[in-house]
Each structure stands twice: as C-alpha cells, then as structure tokens.
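Colleague: Structure file entry12.cif, mmCIF, C-alpha atoms, is pasted below:
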data_final
loop_
_atom_site.label_atom_id
_atom_site.label_comp_id
_atom_site.auth_asym_id
_atom_site.auth_seq_id
_atom_site.Cartn_x
_atom_site.Cartn_y
_atom_site.Cartn_z
CA MET S 65 24.92 90.98 -12.05
CA HIS S 66 23.44 87.48 -12.26
CA VAL S 67 25.93 84.77 -13.02
CA HIS S 68 24.71 81.35 -14.09
CA LEU S 69 27.16 78.53 -13.47
CA GLU S 70 26.74 75.40 -15.58
CA LEU S 71 28.11 72.52 -13.56
CA PRO S 72 28.58 68.99 -14.92
CA HIS S 73 25.95 67.42 -12.66
CA HIS S 74 23.33 69.92 -13.96
CA ARG S 75 23.79 68.60 -17.49
CA ARG S 76 23.36 65.00 -16.23
CA GLN S 77 20.13 65.92 -14.43
CA ARG S 78 18.65 67.60 -17.52
CA THR S 79 19.56 64.60 -19.69
CA ALA S 80 17.87 62.20 -17.25
CA ALA S 81 14.77 64.41 -17.08
CA ARG S 82 14.46 64.50 -20.90
CA ALA S 83 14.74 60.71 -21.02
CA ASP S 84 11.98 60.35 -18.41
CA ARG S 85 9.65 62.72 -20.28
CA ALA S 86 10.22 60.89 -23.55
CA LEU S 87 9.34 57.57 -21.87
CA ASP S 88 6.18 59.02 -20.35
CA GLU S 89 5.05 60.47 -23.67
CA ARG S 90 5.31 57.04 -25.28
CA THR S 91 3.16 55.50 -22.56
CA GLY S 92 0.55 58.27 -22.59
CA ARG S 93 1.48 59.77 -19.29
CA ALA S 94 3.22 63.10 -18.47
CA ALA S 95 5.70 62.39 -15.79
CA GLY S 96 6.44 66.08 -15.39
CA GLU S 97 2.81 66.93 -14.59
CA ARG S 98 1.72 66.00 -11.12
CA ALA S 99 -0.47 68.09 -8.87
CA GLY S 100 1.49 69.54 -5.98
CA GLU S 101 0.28 70.49 -2.54
CA HIS S 102 -0.77 73.97 -3.87
CA GLY S 103 -2.48 72.79 -7.09
CA ARG S 104 0.56 73.57 -9.12
CA ALA S 105 2.44 71.10 -11.34
CA ARG S 106 5.88 70.18 -10.12
CA PRO S 107 8.57 68.57 -12.19
CA GLU S 108 9.33 65.03 -11.10
CA ARG S 109 12.78 64.31 -9.86
CA PRO S 110 14.93 62.38 -12.31
CA GLY S 111 14.45 58.64 -11.88
CA GLY S 112 11.53 59.15 -9.48
CA ARG S 113 9.05 57.09 -11.48
CA ARG S 114 11.32 54.08 -11.49
CA ARG S 115 11.93 54.39 -7.76
CA ARG S 116 8.18 54.57 -7.04
CA ALA S 117 7.50 51.47 -9.16
CA ALA S 118 10.21 49.50 -7.35
CA ALA S 119 8.83 50.59 -3.97
CA ALA S 120 5.32 49.52 -4.97
CA VAL S 121 6.58 46.09 -5.96
CA LEU S 122 8.37 45.69 -2.62
CA LEU S 123 5.32 46.80 -0.64
CA CYS S 124 3.06 44.39 -2.50
CA ALA S 125 5.46 41.54 -1.96
CA ALA S 126 5.59 42.35 1.74
CA GLY S 127 1.95 43.01 2.50
CA CYS S 128 -0.32 42.46 -0.47
CA ALA S 129 0.21 38.74 -1.08
CA PRO S 130 -2.76 36.61 -0.02
CA ALA S 131 -2.31 34.56 3.13
CA PRO S 132 -1.44 30.92 2.43
CA ASN S 133 -4.35 28.50 2.53
CA PRO S 134 -4.00 26.43 5.70
CA GLY S 135 -5.98 23.56 4.11
CA PRO S 136 -8.54 21.38 5.86
CA PRO S 137 -8.04 20.75 9.55
CA ALA S 138 -6.10 17.58 10.35
CA VAL S 139 -8.25 14.62 11.34
CA PRO S 140 -7.01 13.21 14.63
CA PRO S 141 -6.01 9.54 14.48
CA PRO S 142 -8.39 7.11 16.12
CA ALA S 143 -7.77 6.09 19.71
CA VAL S 144 -6.06 2.71 19.47
CA GLU S 145 -4.95 0.34 22.20
CA ARG S 146 -1.76 -1.64 21.52
CA ARG S 147 -1.59 -5.11 23.03
CA GLU S 148 1.44 -7.41 23.07
CA ALA S 149 1.31 -11.18 23.47
CA THR S 150 3.44 -14.26 22.91
CA ILE S 151 2.23 -17.71 21.90
CA ALA S 152 3.83 -21.04 20.96
CA ASN S 153 6.11 -20.93 24.02
CA GLY S 154 7.35 -17.46 23.13
CA PHE S 155 8.27 -18.33 19.56
CA ILE S 156 5.51 -16.14 18.04
CA GLU S 157 5.18 -12.52 19.14
CA LEU S 158 1.90 -10.74 18.46
CA THR S 159 1.08 -7.04 18.29
CA VAL S 160 -2.66 -6.35 18.27
CA HIS S 161 -3.98 -2.83 17.52
CA VAL S 162 -7.53 -2.41 18.86
CA PRO S 163 -9.56 0.75 18.09
CA ARG S 164 -11.67 1.85 21.03
CA GLU S 165 -14.55 2.64 18.75
CA PRO S 166 -16.91 1.07 17.87
CA ALA S 167 -17.57 -0.93 20.99
CA GLY S 168 -18.01 -4.67 20.84
CA PRO S 169 -16.59 -7.31 18.47
CA LYS S 170 -14.81 -5.87 15.43
CA ALA S 171 -13.56 -6.97 12.06
CA THR S 172 -10.01 -8.31 12.44
CA ILE S 173 -7.25 -8.57 9.84
CA ILE S 174 -4.10 -10.62 10.36
CA ASN S 175 -1.07 -9.05 8.69
CA PRO S 176 -2.64 -5.99 7.03
CA VAL S 177 -0.32 -4.91 4.24
CA PHE S 178 -1.76 -1.56 3.10
CA ASP S 179 -3.79 1.40 4.41
CA ARG S 180 -3.51 0.71 8.11
CA ASP S 181 -4.83 4.15 9.09
CA ALA S 182 -7.98 3.74 6.99
CA LEU S 183 -8.63 0.30 8.48
CA LEU S 184 -8.15 1.52 12.04
CA ALA S 185 -10.46 4.47 11.34
CA ALA S 186 -13.06 2.00 10.08
CA GLY S 187 -12.86 0.15 13.39
CA ALA S 188 -10.80 -2.89 12.40
CA VAL S 189 -8.51 -4.76 14.74
CA LEU S 190 -5.09 -5.18 13.09
CA VAL S 191 -2.76 -8.04 13.99
CA GLU S 192 0.96 -8.33 13.25
CA TRP S 193 3.23 -11.20 14.11
CA ARG S 194 6.87 -12.17 13.99
CA GLU S 195 8.73 -15.35 14.79
CA ARG S 196 11.73 -15.57 17.09
CA TRP S 197 13.96 -17.84 15.05
CA ASP S 198 16.87 -16.62 17.12
CA LEU S 199 15.54 -18.68 20.03
CA LEU S 200 16.46 -21.82 18.10
CA ALA S 201 20.09 -20.82 17.70
CA GLY S 202 21.07 -22.82 20.80
CA PHE S 203 19.86 -26.04 19.21
CA ALA S 204 22.35 -25.84 16.33
CA PRO S 205 25.37 -28.19 16.57
CA ARG S 206 28.49 -26.55 17.95
CA HIS S 207 30.68 -27.68 15.10
CA PRO S 208 28.46 -28.15 12.08
CA ALA S 209 29.85 -30.15 9.23
CA ALA S 210 31.10 -28.16 6.29
CA PRO S 211 28.39 -27.81 3.65
CA PRO S 212 28.92 -29.84 0.49
CA THR S 213 30.33 -28.08 -2.52
CA PRO S 214 27.44 -26.65 -4.54
CA GLU S 215 26.59 -28.77 -7.52
CA ARG S 216 25.25 -25.87 -9.55
CA PRO S 217 23.90 -22.97 -7.44
CA VAL S 218 20.63 -21.54 -8.69
CA GLY S 219 18.03 -19.02 -7.60
CA LYS S 220 18.20 -15.74 -5.73
CA TRP S 221 17.34 -14.34 -2.33
CA LEU S 222 15.57 -16.88 -0.05
CA LEU S 223 14.96 -19.21 -2.98
CA ALA S 224 18.67 -19.71 -3.67
CA ALA S 225 19.86 -23.31 -3.47
CA PRO S 226 23.10 -25.20 -4.08
CA SER S 227 21.38 -27.31 -6.73
CA PRO S 228 18.34 -27.15 -9.04
CA LYS S 229 17.04 -30.17 -7.13
CA THR S 230 16.18 -28.06 -4.08
CA VAL S 231 15.58 -24.55 -5.44
CA GLY S 232 13.18 -22.71 -3.12
CA GLU S 233 12.93 -25.58 -0.64
CA GLY S 234 13.90 -23.57 2.42
CA TRP S 235 11.60 -20.68 1.44
CA PHE S 236 8.61 -22.97 0.95
CA GLY S 237 9.46 -24.57 4.28
CA PHE S 238 8.95 -21.23 6.05
CA ILE S 239 5.70 -20.63 4.17
CA GLY S 240 4.38 -24.09 5.02
CA TRP S 241 5.11 -23.71 8.73
CA ASP S 242 3.47 -20.30 8.89
CA ALA S 243 0.39 -21.46 6.99
CA LYS S 244 -0.13 -24.73 8.83
CA GLU S 245 1.16 -23.94 12.30
CA ALA S 246 1.52 -20.22 12.99
CA VAL S 247 -1.74 -18.89 11.53
CA PRO S 248 -4.03 -21.43 13.32
CA ARG S 249 -2.30 -20.65 16.63
CA ILE S 250 -2.81 -16.93 16.02
CA VAL S 251 -6.50 -17.51 15.26
CA ASP S 252 -6.87 -19.54 18.47
CA HIS S 253 -5.45 -16.64 20.45
CA LEU S 254 -7.55 -13.99 18.75
CA LEU S 255 -10.86 -15.80 19.22
CA ARG S 256 -10.38 -15.57 22.99
CA ASP S 257 -10.50 -11.76 22.66
CA ALA S 258 -13.92 -10.13 23.10
CA ASP S 259 -12.91 -7.38 20.63
CA VAL S 260 -12.53 -9.88 17.78
CA ASP S 261 -15.60 -10.80 15.74
CA PRO S 262 -15.24 -14.50 14.80
CA ASN S 263 -17.43 -13.96 11.75
CA ARG S 264 -15.19 -11.16 10.39
CA LEU S 265 -11.71 -12.60 10.66
CA ALA S 266 -9.41 -12.11 7.67
CA ILE S 267 -5.80 -12.44 6.55
CA ALA S 268 -3.72 -10.51 4.03
CA GLY S 269 -0.30 -10.89 2.52
CA ASN S 270 2.05 -9.38 -0.03
CA SER S 271 4.69 -11.43 -1.87
CA THR S 272 6.01 -14.06 0.61
CA THR S 273 3.22 -13.40 3.10
CA GLY S 274 0.77 -13.53 0.17
CA PHE S 275 1.83 -17.14 -0.47
CA THR S 276 1.37 -17.78 3.24
CA ALA S 277 -2.11 -16.23 3.32
CA LEU S 278 -3.34 -18.25 0.33
CA GLU S 279 -2.04 -21.55 1.68
CA ALA S 280 -3.28 -20.82 5.22
CA LEU S 281 -6.86 -20.73 3.99
CA ALA S 282 -6.66 -24.46 3.32
CA TYR S 283 -5.76 -25.17 6.96
CA GLU S 284 -7.86 -22.53 8.73
CA PRO S 285 -11.61 -22.58 7.93
CA ARG S 286 -12.27 -19.85 10.51
CA LEU S 287 -10.80 -17.23 8.17
CA ARG S 288 -13.63 -15.48 6.36
CA ALA S 289 -11.75 -13.30 3.84
CA ALA S 290 -8.30 -12.79 2.36
CA ALA S 291 -6.39 -10.31 0.20
CA VAL S 292 -3.51 -12.04 -1.61
CA VAL S 293 -1.10 -9.66 -3.35
CA SER S 294 1.76 -10.57 -5.71
CA ALA S 295 1.54 -14.31 -5.01
CA CYS S 296 0.13 -17.44 -6.64
CA GLY S 297 -0.90 -21.02 -5.87
CA ASP S 298 0.87 -22.96 -8.64
CA TYR S 299 4.18 -23.67 -6.96
CA LEU S 300 5.84 -25.71 -9.70
CA ASP S 301 5.09 -23.18 -12.42
CA PHE S 302 6.29 -20.41 -10.10
CA LEU S 303 9.63 -22.13 -9.51
CA ARG S 304 10.23 -22.72 -13.19
CA HIS S 305 9.46 -19.21 -14.47
CA SER S 306 10.27 -16.83 -11.58
CA THR S 307 13.47 -14.82 -11.93
CA LEU S 308 14.09 -15.72 -8.28
CA ALA S 309 14.22 -19.44 -9.10
CA MET S 310 14.88 -21.19 -12.44
CA ASN S 311 14.04 -18.14 -14.61
CA GLY S 312 12.58 -20.26 -17.42
CA ALA S 313 15.07 -23.13 -17.30
CA PRO S 314 13.67 -26.69 -17.06
CA LEU S 315 12.53 -27.68 -13.58
CA ASP S 316 14.29 -30.77 -12.20
CA LEU S 317 13.36 -31.04 -8.54
CA ASP S 318 14.14 -33.85 -6.16
CA PRO S 319 11.20 -36.30 -6.52
CA GLY S 320 10.24 -36.13 -2.83
CA TYR S 321 10.37 -32.32 -2.76
CA ALA S 322 8.35 -32.08 -5.99
CA ARG S 323 5.71 -34.45 -4.61
CA ARG S 324 5.31 -32.44 -1.41
CA LEU S 325 4.88 -29.19 -3.35
CA ARG S 326 2.39 -30.76 -5.73
CA GLU S 327 0.25 -32.02 -2.85
CA ARG S 328 0.18 -28.82 -0.81
CA GLN S 329 -0.08 -26.13 -3.51
CA PRO S 330 -3.49 -24.38 -3.40
CA ILE S 331 -4.42 -25.32 -6.98
CA ALA S 332 -4.32 -29.00 -5.93
CA HIS S 333 -7.27 -28.60 -3.55
CA PRO S 334 -9.11 -25.34 -4.39
CA GLU S 335 -12.31 -26.59 -2.76
CA ARG S 336 -10.62 -26.14 0.63
CA LEU S 337 -10.50 -22.37 0.09
CA THR S 338 -14.11 -21.63 -0.87
CA HIS S 339 -15.19 -20.92 2.72
CA ALA S 340 -13.35 -17.59 2.44
CA ALA S 341 -13.82 -14.58 0.16
CA VAL S 342 -10.50 -14.32 -1.70
CA LEU S 343 -9.14 -11.35 -3.64
CA MET S 344 -6.02 -11.90 -5.76
CA VAL S 345 -4.11 -8.86 -7.02
CA ASN S 346 -1.19 -9.37 -9.42
CA GLY S 347 0.83 -7.30 -11.84
CA ARG S 348 0.93 -8.32 -15.49
CA ASP S 349 4.66 -7.63 -15.71
CA ASP S 350 6.02 -9.09 -12.49
CA PRO S 351 9.22 -11.10 -13.10
CA ALA S 352 9.33 -12.38 -9.51
CA VAL S 353 5.78 -13.82 -9.57
CA PRO S 354 5.08 -14.41 -13.28
CA PHE S 355 1.60 -13.50 -14.42
CA ARG S 356 1.09 -16.90 -16.04
CA CYS S 357 1.31 -18.50 -12.57
CA ALA S 358 -1.20 -16.03 -11.09
CA ARG S 359 -3.57 -16.44 -14.05
CA ARG S 360 -3.55 -20.23 -13.78
CA THR S 361 -4.21 -19.98 -10.04
CA ALA S 362 -7.12 -17.62 -10.65
CA THR S 363 -8.61 -19.91 -13.32
CA VAL S 364 -8.55 -22.91 -10.97
CA LEU S 365 -10.00 -20.97 -8.03
CA ARG S 366 -12.70 -19.29 -10.11
CA ARG S 367 -13.97 -22.70 -11.27
CA ALA S 368 -13.92 -24.08 -7.73
CA TYR S 369 -15.91 -21.13 -6.36
CA ALA S 370 -18.42 -21.47 -9.19
CA ARG S 371 -18.86 -25.19 -8.45
CA ALA S 372 -19.45 -24.34 -4.77
CA GLY S 373 -22.17 -21.85 -5.74
CA VAL S 374 -20.27 -18.90 -4.25
CA ARG S 375 -18.87 -17.32 -7.38
CA GLU S 376 -19.04 -13.83 -5.83
CA ARG S 377 -16.48 -14.78 -3.18
CA PHE S 378 -13.56 -14.82 -5.61
CA ARG S 379 -12.07 -11.91 -7.55
CA PHE S 380 -8.88 -11.65 -9.60
CA VAL S 381 -7.44 -8.22 -10.45
CA ALA S 382 -4.66 -7.88 -13.03
CA LEU S 383 -2.75 -4.60 -12.82
CA ALA S 384 -0.82 -2.94 -15.63
CA THR S 385 2.18 -2.41 -13.35
CA ARG S 386 5.83 -3.15 -14.00
CA GLY S 387 7.87 -4.96 -11.41
CA HIS S 388 7.02 -6.64 -8.14
CA ARG S 389 4.57 -4.06 -6.79
CA ILE S 390 0.99 -2.81 -6.95
CA ASP S 391 -0.39 0.66 -7.59
CA ASP S 392 -3.21 2.77 -6.17
CA THR S 393 -5.75 0.81 -8.21
CA GLY S 394 -4.72 -2.35 -6.41
CA ARG S 395 -4.94 -0.69 -3.02
CA ARG S 396 -8.44 0.61 -3.79
CA GLU S 397 -9.47 -2.90 -4.79
CA ILE S 398 -8.24 -4.23 -1.45
CA LEU S 399 -10.13 -1.57 0.50
CA ALA S 400 -13.27 -2.31 -1.48
CA TRP S 401 -12.88 -6.02 -0.74
CA TRP S 402 -12.56 -5.40 2.98
CA ARG S 403 -15.57 -3.11 2.89
CA ARG S 404 -17.67 -5.73 1.18
CA TRP S 405 -16.74 -8.74 3.28
CA LEU S 406 -15.74 -7.32 6.67
CA PHE S 407 -17.54 -4.05 7.25
CA LEU S 408 -21.02 -5.18 6.20
CA PRO S 409 -22.98 -7.94 7.94
CA LEU S 410 -22.35 -11.46 6.70
CA PRO S 411 -24.50 -14.56 7.19
CA ALA S 412 -23.20 -17.61 9.01
CA PRO S 413 -20.74 -19.81 7.09
CA SER S 414 -23.30 -22.58 6.54
CA ALA S 415 -25.82 -20.21 4.93
CA THR S 416 -23.66 -18.12 2.62
CA ALA S 417 -24.13 -20.06 -0.62
CA GLY S 418 -25.76 -17.86 -3.21
CA HIS S 419 -26.32 -14.87 -0.93
CA ALA S 420 -26.69 -11.45 -2.50
CA PRO S 421 -23.59 -9.23 -2.56
CA ALA S 422 -23.35 -7.15 0.58
CA ASP S 423 -22.47 -4.02 -1.38
CA ALA S 424 -26.17 -3.17 -1.59
CA ARG S 425 -26.23 -2.32 2.12
CA ARG S 426 -24.58 0.60 3.87
CA THR S 427 -22.81 0.32 7.19
CA PRO S 428 -21.50 2.90 9.69
CA ASN S 429 -17.84 3.31 10.64
CA VAL S 430 -16.64 3.12 7.03
CA PRO S 431 -14.34 6.00 5.98
CA SER S 432 -14.56 7.73 2.64
CA ALA S 433 -11.69 5.64 1.27
CA PHE S 434 -13.96 2.61 1.44
CA ALA S 435 -17.01 4.32 -0.04
CA THR S 436 -15.10 5.58 -3.09
CA SER S 437 -13.16 2.40 -3.78
CA ALA S 438 -13.38 0.51 -7.04
CA PRO S 439 -16.33 -1.89 -7.27
CA SER S 440 -15.61 -5.42 -6.14
CA ALA S 441 -18.31 -7.41 -7.87
#
So that I can check it, write out the structure of this file as structure tokens.
Modeller:
Amino acid sequence: MHVHLELPHHRRQRTAARADRALDERTGRAAGERAGEHGRARPERPGGRRRRAAAAVLLCAAGCAPAPNPGPPAVPPPAVERREATIANGFIELTVHVPREPAGPKATIINPVFDRDALLAAGAVLVEWRERWDLLAGFAPRHPAAPPTPERPVGKWLLAAPSPKTVGEGWFGFIGWDAKEAVPRIVDHLLRDADVDPNRLAIAGNSTTGFTALEALAYEPRLRAAAVVSACGDYLDFLRHSTLAMNGAPLDLDPGYARRLRERQPIAHPERLTHAAVLMVNGRDDPAVPFRCARRTATVLRRAYARAGVRERFRFVALATRGHRIDDTGRREILAWWRRWLFLPLPAPSATAGHAPADARRTPNVPSAFATSAPSA
C-alpha cells in the first residue's frame, strides 16, 4: 500500500513554485525548464531565480566594476633652493625661493600673491619679506601716558582712529615706510644675487600690499613690472568711501595729514610710474576698496602712460566679483601679465618707448597656465 502524506511545508513549496512559474510566463521565460546534466528538464527550486539574480549582482559588484582611473601622473615640483637673509640691521627678514632651472639670471617677483607653483615652474625667483616690529618694543616708554579719550572713534581694522581727523593715518604710515624704505632695500639686496635678472624685477601686492606695490613704483625705478590687486592710488577718495574708513561720510582730515597724503598718492605723480608695466585688478563690488577709487586711479595712469608713449604698459581689469577678493579670471590676467613682461625678452629701459608687445614671441620655461591665460593687450 502506498500512503501519500501531505505535510504543511509541501503545500508552501507548491505555492511558491506556482508563483515563480507565473512570473516567468509574464517575462517570456520558463523557469521550470532548464537543461539538466542528462539533457532532461528539471524543475527549479522555489525562489532559485531570485537567489541567482542576487548572487550575480554581488559578483558584479565585487569583480566586474571597472578599475578606478588613476588620472595623469603627478608632476614633481621643481627643485627650489630656499635662502634666508636679514637686512636693515635685522629689521627686515627675507625668504628667497630660487629654482635651480633654468640656469643664469631669472625673472624675480617680490611678494608674489597668487600661483606660486606656476611661477616657480616657469623659473621665477620668488621673494617674501616680513618686518620685525617686535624688535622696537624695547624703545617704548616704560609708563606711557594714558591715551586721550576718543573724540569720535571711526574706521575699522588698521584704519581705525580715535577721531575722523586721523582715520587711516597709522595704516598709511606702514604703507609709506614699506614703499619708500623697505622695498628699495630689498631691491639693493636682490641685485647682488647672480640668480636675479635686473631687467626682470617685479613686485606684486593684494589689498594692503597692493597699496604698497603701487606706491613703491614711484620710489624704485629698478622695478620693471607690477601686479596691483584690490588697491588704488587715490588715497583721499579711498578714505572717504571705504567701509574701513569713513564709509561715505564727509572727510575732515587734519590739514597736515591731508597734505601729506595728497602729495604722496600715486595719482599726484603718475609720470613716476611709467617706467614699469602695471596691471591693476579690482572688483566692481568691493566695499573695502571702492571701485570708484580704482577707476579714477586707472584713468589717471592710463593718460600718463599714453603721454609717455608706452600705452601698452598699463592695463586695468574690472572683475564682476562681490567682496574684497578676485576670481580665477583675475588670476589668469596676472599670469598673462607676468608672461608678457617677465618671461619674454624686454629691451633696456631707455629704449622701450613704443616697442611692439612681447606676446608675439614665444619663450621656453613657460608652463601651460601662462600659455592659456587671458590676453593682456
């Protein structure tokens, strides 16, 4: 006698098998028909198709994914020698970065503000400096008199003052000393270095150091080029409209202080700057250095360069940036300016009037960042 026992798990297996077959029929496949080892169809185990699909996904995730792209090989940084020096009786400390290639005198930039790696790769000597104001601490009186009660404090940051009469006076004092005293001493030191090309000596600055760079050109005719970023040469207009100073309120400076600023500001003697190729880069919406101040400075300098017959040596770039900063467009402009005036041969200072732009010639040791920069003419 054959006895068939119907157990509960048998009914569950048949129900799962019927569900699998119904799913396969809708997708055009017969899950119950698969060739076995002896050419005979074998019924698929319940849930087998789903298990195989999950296994395939796991296998593909583990071994079928393409290997990540390692990207281009890293370019090794140029071999650079770092030199330290002190001048002005130890008050000024210099750090000079000298690429070992190319050999011989090289273009040199004092206070590079952007793209140091690109400049070093191009073969430029880069110079940084700082001043040891702490050395003067011993000269302060032991018991200084209490400062007078502020009349009406104005300004912010280094331009803050106890009265509108002296707003920005201390800040402009630092700038004046750097421009008239520090930069010429630095140039004297650099020109004793065989790695420095005296015909390709430049200065750069951003914000405070931009004011310094622009003013230094009036005192140092050995500078051949400059990149002045977020700065201007109309000091009185700057003080009146900058959010760091009077922020649009009427300017009422001490007469002696106002006279000194009026005499030394670059727009008062633009002809003293035309020996150098000057790039100005300013944002149109910069509350710290208002665009009106930069635009007036550019107008005065452009006319002076035109009168000197060297119109191509001045360029003004206005950026559509917000705040006290520049964008990649400004940085490309700076690289293009250096390429034009430092990395291509220049004639002697006395013979530069009216010379053709150097962009027409190609020079070695210029990285791709220079070649693809925005035009500078």
Colleague: Would you mind reading off the distance between CA of Leu337 in chain S and CA of Ala309 in chain S, one decimal, in Å?
Modeller: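 Atom-to-atom, CA of Leu337 in chain S and CA of Ala309 in chain S are spaced 26.5 Å apart.
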Colleague: Tell me which of S:Cys296, S:Leu265, S:Ala290, S:Ala332 sits closest to Val189 in chain S, counting all atoms listed in the file.
Modeller: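 Looking only at the distances to Val189 in chain S, the closest residue turns out to be S:Leu265.
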Colleague: Kindly extract all protein, DNA and RNA residues lying within 10 Å of the coordinates (-9.5, -24.1, 10.2) given in the file, considering only C-alpha atoms, and supply them as a CSV table (one decimal) with C-alpha atoms, in the coordinates of the input.
Modeller:
chain,number,residue,atom,x,y,z
S,244,LYS,CA,-0.1,-24.7,8.8
S,247,VAL,CA,-1.7,-18.9,11.5
S,248,PRO,CA,-4.0,-21.4,13.3
S,251,VAL,CA,-6.5,-17.5,15.3
S,252,ASP,CA,-6.9,-19.5,18.5
S,280,ALA,CA,-3.3,-20.8,5.2
S,281,LEU,CA,-6.9,-20.7,4.0
S,282,ALA,CA,-6.7,-24.5,3.3
S,283,TYR,CA,-5.8,-25.2,7.0
S,284,GLU,CA,-7.9,-22.5,8.7
S,285,PRO,CA,-11.6,-22.6,7.9
S,286,ARG,CA,-12.3,-19.8,10.5
S,287,LEU,CA,-10.8,-17.2,8.2
S,336,ARG,CA,-10.6,-26.1,0.6
S,339,HIS,CA,-15.2,-20.9,2.7
Colleague: I'd like the residues picked by the PyMOL selection byres ((chain S and resi 178) around 9) written out as a PyMOL selection string, using the chain letters and numbers from the file.
Modeller: chain S and resi 176-177+179-181+183+395+398-399
Colleague: What separation in Å, quoted to one decimal, exists between CA of Glu157 in chain S and CA of Val231 in chain S?
Modeller: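 Between CA of Glu157 in chain S and CA of Val231 in chain S the gap works out to 29.3 Å.
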Colleague: Name all residues at most 7 Å from Arg386 in chain S (count all atoms listed in the file; drop same-chain ones fewer than 4 positions away) and give them as a list in words.
Modeller: Gly347, Asp349 and Asp350 of chain S
Colleague: Go through S:Gly232, S:Glu245, S:Trp402, S:Ile331 and flag the residue nearest Asp318 in chain S, using only C-alpha atoms for the distances.
Modeller: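 The answer is S:Gly232, which sits nearest to Asp318 in chain S.
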Colleague: Can you list every residue of range 207-314 of chain S that has an atom at most 9 Å from range 360-379 of chain S, with its nearest atom pair and the distance in Å to one decimal, using all atoms listed in the file, ordered by chain then number, as CSV?
Modeller:
residue,atom,partner,partner_atom,distance
S:Ala289,CA,S:Arg377,CA,8.6
S:Cys296,CA,S:Thr361,CA,6.1
S:Gly297,CA,S:Thr361,CA,5.4
S:Asp298,CA,S:Thr361,CA,6.1
Colleague: Just give me the gap between CA of Phe407 in chain S and CA of Ile390 in chain S in Å, one decimal is fine.
Modeller: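 One can read the CA of Phe407 in chain S to CA of Ile390 in chain S distance as 23.4 Å.
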Colleague: Looking at S:Leu315, S:Leu406, S:Gly320, S:Asn153, which one is nearest to Lys170 in chain S, with distances taken over all atoms listed in the file?
Modeller: S:Leu406
Colleague: I'd like the residues picked by the PyMOL selection byres ((chain S and resi 192) around 9) written out as a list in words, using the chain letters and numbers from the file.
Modeller: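 So the PyMOL selection byres ((chain S and resi 192) around 9) ends up selecting Glu157, Leu158, Thr159, Val160, His161, Ile173, Ile174, Asn175, Pro176, Leu190, Val191, Trp193 and Arg194 of chain S.
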Colleague: So which residues touch Val218 in chain S within 12 Å, counting only C-alpha atoms, skipping near sequence neighbours fewer than 2 positions away, as an MDAnalysis selection string?
Modeller: chainID S and resid 214:216 220:233 303:304 306:313 315:317
Colleague: Which of these residues is nearest to Leu255 in chain S, using only C-alpha atoms: S:Gly394, S:Pro169, S:Pro163, S:Pro142?
Modeller: S:Pro169
